[in-house]
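Colleague: Got a structure for you, written out below as C-alpha coordinates; questions coming shortly.
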Amino acid sequence: MKISSILLIVNTLLLIVIWAFTGIKYAALPEVIPTHFDFQGNVDGESGKTAIWALPCIATFISVLFVGISRDPNSTLLNVPKSFRNKETLELYVFSLQLPVMLLFLDIILESVRIAEGKQTDLSNAIFIILGLLFTVIGVGLVKSIQESLTKKSNDKSNQN
(Lines give C-alpha, C1' and ligand atoms only; values in the text may rest on other atoms or scores of the structure.)
Protein backbone atom coordinates (compact mmCIF):
# COMPACT_ATOMS: atom_id res chain seq x y z
CA MET A 1 0.00 0.00 0.00
CA LYS A 2 1.31 3.45 -0.93
CA ILE A 3 2.18 5.94 1.79
CA SER A 4 -0.26 8.45 0.28
CA SER A 5 -3.08 5.88 0.61
CA ILE A 6 -2.16 5.28 4.25
CA LEU A 7 -2.12 9.04 4.88
CA LEU A 8 -5.54 9.40 3.24
CA ILE A 9 -6.94 6.65 5.48
CA VAL A 10 -5.38 8.22 8.60
CA ASN A 11 -6.68 11.67 7.64
CA THR A 12 -10.17 10.25 7.05
CA LEU A 13 -10.10 8.45 10.40
CA LEU A 14 -9.01 11.67 12.11
CA LEU A 15 -11.94 13.49 10.50
CA ILE A 16 -14.33 10.79 11.74
CA VAL A 17 -12.83 11.07 15.24
CA ILE A 18 -13.27 14.87 15.13
CA TRP A 19 -16.98 14.50 14.29
CA ALA A 20 -17.55 11.63 16.75
CA PHE A 21 -15.77 13.36 19.64
CA THR A 22 -17.68 16.58 19.03
CA GLY A 23 -20.98 14.71 18.82
CA ILE A 24 -20.32 12.71 21.98
CA LYS A 25 -19.23 15.72 24.04
CA TYR A 26 -21.73 18.27 22.70
CA ALA A 27 -24.67 17.56 25.02
CA ALA A 28 -22.57 17.84 28.17
CA LEU A 29 -20.90 21.12 27.21
CA PRO A 30 -21.79 24.30 29.08
CA GLU A 31 -23.79 26.88 27.13
CA VAL A 32 -20.69 29.06 26.69
CA ILE A 33 -17.43 27.53 25.47
CA PRO A 34 -13.98 28.92 24.62
CA THR A 35 -13.64 29.64 20.92
CA HIS A 36 -10.55 31.82 20.66
CA PHE A 37 -7.12 31.74 22.27
CA ASP A 38 -4.16 34.12 22.45
CA PHE A 39 -0.58 33.11 21.63
CA GLN A 40 0.00 31.94 25.20
CA GLY A 41 -2.97 29.57 24.93
CA ASN A 42 -5.24 31.60 27.21
CA VAL A 43 -8.92 31.90 26.39
CA ASP A 44 -9.69 35.34 24.96
CA GLY A 45 -13.01 34.65 23.27
CA GLU A 46 -16.13 32.63 24.01
CA SER A 47 -19.28 31.71 22.12
CA GLY A 48 -22.37 29.60 22.47
CA LYS A 49 -21.73 25.87 22.46
CA THR A 50 -23.11 25.46 18.93
CA ALA A 51 -19.92 27.20 17.72
CA ILE A 52 -18.05 23.94 18.38
CA TRP A 53 -19.57 22.56 15.16
CA ALA A 54 -17.67 25.10 13.06
CA LEU A 55 -14.39 23.23 13.50
CA PRO A 56 -15.59 19.83 12.21
CA CYS A 57 -17.28 21.62 9.30
CA ILE A 58 -14.08 23.47 8.40
CA ALA A 59 -12.04 20.27 8.80
CA THR A 60 -14.44 18.49 6.43
CA PHE A 61 -14.21 21.31 3.88
CA ILE A 62 -10.41 21.18 4.02
CA SER A 63 -10.45 17.39 3.63
CA VAL A 64 -12.68 17.56 0.58
CA LEU A 65 -10.54 20.37 -0.84
CA PHE A 66 -7.29 18.43 -0.36
CA VAL A 67 -8.73 15.27 -1.92
CA GLY A 68 -10.00 17.34 -4.85
CA ILE A 69 -6.67 19.11 -5.27
CA SER A 70 -4.83 15.81 -5.43
CA ARG A 71 -6.95 14.62 -8.37
CA ASP A 72 -5.48 17.00 -10.97
CA PRO A 73 -1.70 17.43 -10.79
CA ASN A 74 -1.75 19.85 -13.73
CA SER A 75 -4.28 22.26 -12.24
CA THR A 76 -3.33 25.91 -12.65
CA LEU A 77 -4.66 26.47 -9.14
CA LEU A 78 -1.77 24.48 -7.65
CA ASN A 79 1.37 26.25 -6.56
CA VAL A 80 3.68 23.26 -6.21
CA PRO A 81 7.09 22.41 -7.64
CA LYS A 82 7.09 20.84 -11.10
CA SER A 83 8.41 17.59 -9.66
CA PHE A 84 5.22 17.37 -7.56
CA ARG A 85 3.04 17.53 -10.67
CA ASN A 86 2.43 13.83 -10.94
CA LYS A 87 -0.42 12.06 -9.18
CA GLU A 88 1.63 9.98 -6.73
CA THR A 89 3.94 12.77 -5.54
CA LEU A 90 1.13 15.31 -5.36
CA GLU A 91 -1.04 12.96 -3.29
CA LEU A 92 1.87 12.29 -0.94
CA TYR A 93 2.52 16.03 -0.49
CA VAL A 94 -1.12 17.07 -0.13
CA PHE A 95 -2.03 14.27 2.28
CA SER A 96 1.17 14.97 4.25
CA LEU A 97 -0.01 18.58 4.57
CA GLN A 98 -3.48 17.45 5.56
CA LEU A 99 -2.25 15.25 8.43
CA PRO A 100 -1.01 18.05 10.71
CA VAL A 101 -4.05 20.15 9.77
CA MET A 102 -6.41 17.37 10.93
CA LEU A 103 -4.30 16.84 14.06
CA LEU A 104 -4.51 20.58 14.73
CA PHE A 105 -8.31 20.59 14.45
CA LEU A 106 -8.59 17.52 16.67
CA ASP A 107 -6.30 19.02 19.31
CA ILE A 108 -8.10 22.37 19.32
CA ILE A 109 -11.50 20.68 19.71
CA LEU A 110 -10.22 18.31 22.37
CA GLU A 111 -8.56 21.06 24.39
CA SER A 112 -11.48 23.48 23.96
CA VAL A 113 -13.82 20.84 25.37
CA ARG A 114 -11.42 20.11 28.26
CA ILE A 115 -11.24 23.83 29.06
CA ALA A 116 -15.05 24.15 28.86
CA GLU A 117 -15.33 21.17 31.24
CA GLY A 118 -12.86 22.80 33.65
CA LYS A 119 -10.27 20.04 33.22
CA GLN A 120 -7.57 22.44 32.00
CA THR A 121 -7.17 26.20 31.96
CA ASP A 122 -5.36 26.93 28.70
CA LEU A 123 -4.09 25.28 25.53
CA SER A 124 -1.11 22.95 25.85
CA ASN A 125 2.09 23.16 23.83
CA ALA A 126 0.88 20.33 21.58
CA ILE A 127 -0.34 22.98 19.14
CA PHE A 128 3.21 24.24 18.64
CA ILE A 129 4.48 20.71 17.95
CA ILE A 130 1.71 20.17 15.39
CA LEU A 131 2.40 23.57 13.80
CA GLY A 132 6.09 22.60 13.64
CA LEU A 133 5.12 19.46 11.75
CA LEU A 134 2.95 21.49 9.38
CA PHE A 135 5.72 24.02 8.70
CA THR A 136 8.19 21.18 8.15
CA VAL A 137 6.00 19.71 5.41
CA ILE A 138 5.52 23.17 3.87
CA GLY A 139 9.28 23.73 4.14
CA VAL A 140 10.03 20.55 2.19
CA GLY A 141 7.84 21.81 -0.65
CA LEU A 142 9.41 25.26 -0.48
CA VAL A 143 12.99 23.92 -0.54
CA LYS A 144 12.14 21.64 -3.46
CA SER A 145 10.59 24.57 -5.32
CA ILE A 146 13.64 26.79 -4.73
CA GLN A 147 15.97 24.00 -5.85
CA GLU A 148 14.00 23.55 -9.07
CA SER A 149 13.99 27.31 -9.68
CA LEU A 150 17.77 27.54 -9.25
CA THR A 151 18.31 24.51 -11.50
CA LYS A 152 16.08 26.03 -14.18
CA LYS A 153 17.94 29.36 -14.00
CA SER A 154 21.34 27.68 -14.32
CA ASN A 155 20.04 25.57 -17.24
CA ASP A 156 18.66 28.70 -18.93
CA LYS A 157 22.03 30.48 -18.55
CA SER A 158 23.97 27.52 -19.96
CA ASN A 159 21.55 27.28 -22.92
CA GLN A 160 22.06 30.99 -23.70
CA ASN A 161 25.85 30.56 -23.89
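All residue names refer to the C-alpha coordinates as shown: chains lettered A, B, ... in order, residues numbered from 1 in each chain, ligands numbered from 1 in order.
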Considering only helix (DSSP H, G or I) as DSSP defines it on the backbone, what residues of chain A qualify? List them as a ChimeraX atom specification.
Modeller: /A:3-26,49-70,82-84,87-116,126-160
Colleague: So that I can see what lies close to Phe66 of chain A, please list as an MDAnalysis selection string the residues with an atom at most 10 Å from it, counting only C-alpha atoms and leaving out residues fewer than 2 positions away in the same chain.
Modeller: chainID A and resid 8 60:64 68:71 91 94:95 97:98
Colleague: Output N, CA, C and O atoms for every residue in the selection just made, as an mmCIF file, in the first residue's frame.
Modeller:
```cif
data_model
loop_
_atom_site.group_PDB
_atom_site.id
_atom_site.type_symbol
_atom_site.label_atom_id
_atom_site.label_comp_id
_atom_site.auth_asym_id
_atom_site.auth_seq_id
_atom_site.Cartn_x
_atom_site.Cartn_y
_atom_site.Cartn_z
ATOM 1 N N LEU A 8 -4.131 9.093 3.509
ATOM 2 C CA LEU A 8 -5.539 9.397 3.237
ATOM 3 C C LEU A 8 -6.440 8.669 4.232
ATOM 4 O O LEU A 8 -7.382 9.262 4.767
ATOM 5 N N THR A 60 -13.853 19.258 7.536
ATOM 6 C CA THR A 60 -14.439 18.494 6.432
ATOM 7 C C THR A 60 -14.214 19.218 5.114
ATOM 8 O O THR A 60 -13.825 18.599 4.110
ATOM 9 N N PHE A 61 -14.435 20.519 5.093
ATOM 10 C CA PHE A 61 -14.210 21.313 3.879
ATOM 11 C C PHE A 61 -12.754 21.181 3.420
ATOM 12 O O PHE A 61 -12.481 20.969 2.230
ATOM 13 N N ILE A 62 -11.825 21.295 4.356
ATOM 14 C CA ILE A 62 -10.406 21.182 4.017
ATOM 15 C C ILE A 62 -10.096 19.781 3.486
ATOM 16 O O ILE A 62 -9.351 19.634 2.513
ATOM 17 N N SER A 63 -10.672 18.762 4.092
ATOM 18 C CA SER A 63 -10.447 17.389 3.631
ATOM 19 C C SER A 63 -10.933 17.205 2.203
ATOM 20 O O SER A 63 -10.227 16.631 1.362
ATOM 21 N N VAL A 64 -12.132 17.677 1.934
ATOM 22 C CA VAL A 64 -12.682 17.559 0.576
ATOM 23 C C VAL A 64 -11.814 18.358 -0.407
ATOM 24 O O VAL A 64 -11.515 17.894 -1.511
ATOM 25 N N GLY A 68 -9.747 16.793 -3.515
ATOM 26 C CA GLY A 68 -10.004 17.339 -4.848
ATOM 27 C C GLY A 68 -8.751 17.871 -5.505
ATOM 28 O O GLY A 68 -8.518 17.643 -6.699
ATOM 29 N N ILE A 69 -7.929 18.552 -4.744
ATOM 30 C CA ILE A 69 -6.673 19.105 -5.269
ATOM 31 C C ILE A 69 -5.768 17.994 -5.786
ATOM 32 O O ILE A 69 -5.120 18.126 -6.822
ATOM 33 N N SER A 70 -5.744 16.894 -5.062
ATOM 34 C CA SER A 70 -4.831 15.811 -5.430
ATOM 35 C C SER A 70 -5.252 15.086 -6.699
ATOM 36 O O SER A 70 -4.486 14.304 -7.256
ATOM 37 N N ARG A 71 -6.447 15.323 -7.182
ATOM 38 C CA ARG A 71 -6.954 14.620 -8.368
ATOM 39 C C ARG A 71 -6.391 15.151 -9.687
ATOM 40 O O ARG A 71 -6.333 14.430 -10.667
ATOM 41 N N GLU A 91 -0.236 13.556 -4.367
ATOM 42 C CA GLU A 91 -1.039 12.961 -3.289
ATOM 43 C C GLU A 91 -0.223 12.852 -2.007
ATOM 44 O O GLU A 91 -0.717 13.167 -0.928
ATOM 45 N N VAL A 94 0.151 16.496 -0.603
ATOM 46 C CA VAL A 94 -1.117 17.070 -0.128
ATOM 47 C C VAL A 94 -1.607 16.342 1.122
ATOM 48 O O VAL A 94 -2.014 16.974 2.104
ATOM 49 N N PHE A 95 -1.555 15.013 1.124
ATOM 50 C CA PHE A 95 -2.031 14.274 2.284
ATOM 51 C C PHE A 95 -1.070 14.411 3.467
ATOM 52 O O PHE A 95 -1.479 14.302 4.622
ATOM 53 N N LEU A 97 0.423 17.273 4.055
ATOM 54 C CA LEU A 97 -0.013 18.584 4.571
ATOM 55 C C LEU A 97 -1.295 18.455 5.387
ATOM 56 O O LEU A 97 -1.476 19.123 6.410
ATOM 57 N N GLN A 98 -2.185 17.600 4.901
ATOM 58 C CA GLN A 98 -3.483 17.447 5.555
ATOM 59 C C GLN A 98 -3.355 16.831 6.950
ATOM 60 O O GLN A 98 -4.126 17.179 7.845
#
```
Colleague: Of the candidates A:Ala126, A:Leu133, A:Ala116, A:Lys144, which shows the shortest atom-to-atom distance to Val43 of chain A, using only C-alpha atoms?
Modeller: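 Closest to Val43 of chain A of all the choices is A:Ala116.
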Colleague: Please determine, counting only C-alpha atoms, which residue among A:Asn155, A:Thr89, A:Ser112, A:Gln147 has the shortest atom-to-atom distance to Ser5 of chain A.
Modeller: A:Thr89
Colleague: What's the separation between atom CA of Ile9 of chain A and atom CA of Phe135 of chain A, in Å to one decimal place?
Modeller: 21.7 Å
Colleague: I'd like the neighbourhood of Gly139 of chain A as a VMD selection string, where a residue qualifies if any of its atoms comes within 12 Å (using only C-alpha atoms), though same-chain residues fewer than 6 positions away should be ignored.
Modeller: chain A and resid 80 93 96 to 97 131 to 133 145 to 146
Colleague: Can you pull out the residues contacting Arg114 of chain A? Cut-off 12 Å, using only C-alpha atoms, and skip same-chain residues under 2 positions away; I want them as number ranges by chain.
Modeller: A: 21-22, 25-26, 28-30, 33-34, 107-112, 116-124
Colleague: I'd like the interatomic distance between atom CA of Ile16 of chain A and atom CA of Gly41 of chain A, to a tenth of an Å.
Modeller: 25.6 Å
Colleague: Set the distance at 12 Å and use only C-alpha atoms: which residues neighbour Ala54 of chain A once local chain neighbours fewer than 2 positions away are removed? I'd like the list as a list in words.
Modeller: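 Here the qualifying residues turn out to be Ile18, Trp19, Thr22, Thr35, Ser47, Gly48, Lys49, Thr50, Ala51, Ile52, Pro56, Cys57, Ile58, Ala59, Thr60, Phe61, Phe105, Ile108 and Ile109 of chain A.
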Colleague: Using atom CA of Leu15 of chain A and atom CA of Val113 of chain A as the two end points, give the distance in Å to one decimal.
Modeller: 16.7 Å
Colleague: Could you pull the residues within 9 Å of Arg85 of chain A, counting only C-alpha atoms, minus those fewer than 6 positions along the same chain, as a ChimeraX atom specification?
Modeller: /A:72-75,78
Colleague: Kindly indicate which residue among A:Asn42, A:Thr151, A:Leu13, A:Leu77 lies nearest to Leu106 of chain A, using only C-alpha atoms for the distances.
Modeller: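 Smallest distance to Leu106 of chain A is found for A:Leu13.
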Colleague: Can you work out which one of A:Ile24, A:Ile129, A:Lys152, A:Ser158 has the shortest atom-to-atom distance to Trp53 of chain A, counting only C-alpha atoms?
Modeller: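 Counting only C-alpha atoms, the residue closest to Trp53 of chain A is A:Ile24.
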Colleague: With distances taken over only C-alpha atoms, which residue among A:Val67, A:Ile130, A:Leu99, A:Pro81 lies nearest Leu150 of chain A?
Modeller: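 For Leu150 of chain A, the nearest of the candidates is A:Pro81.
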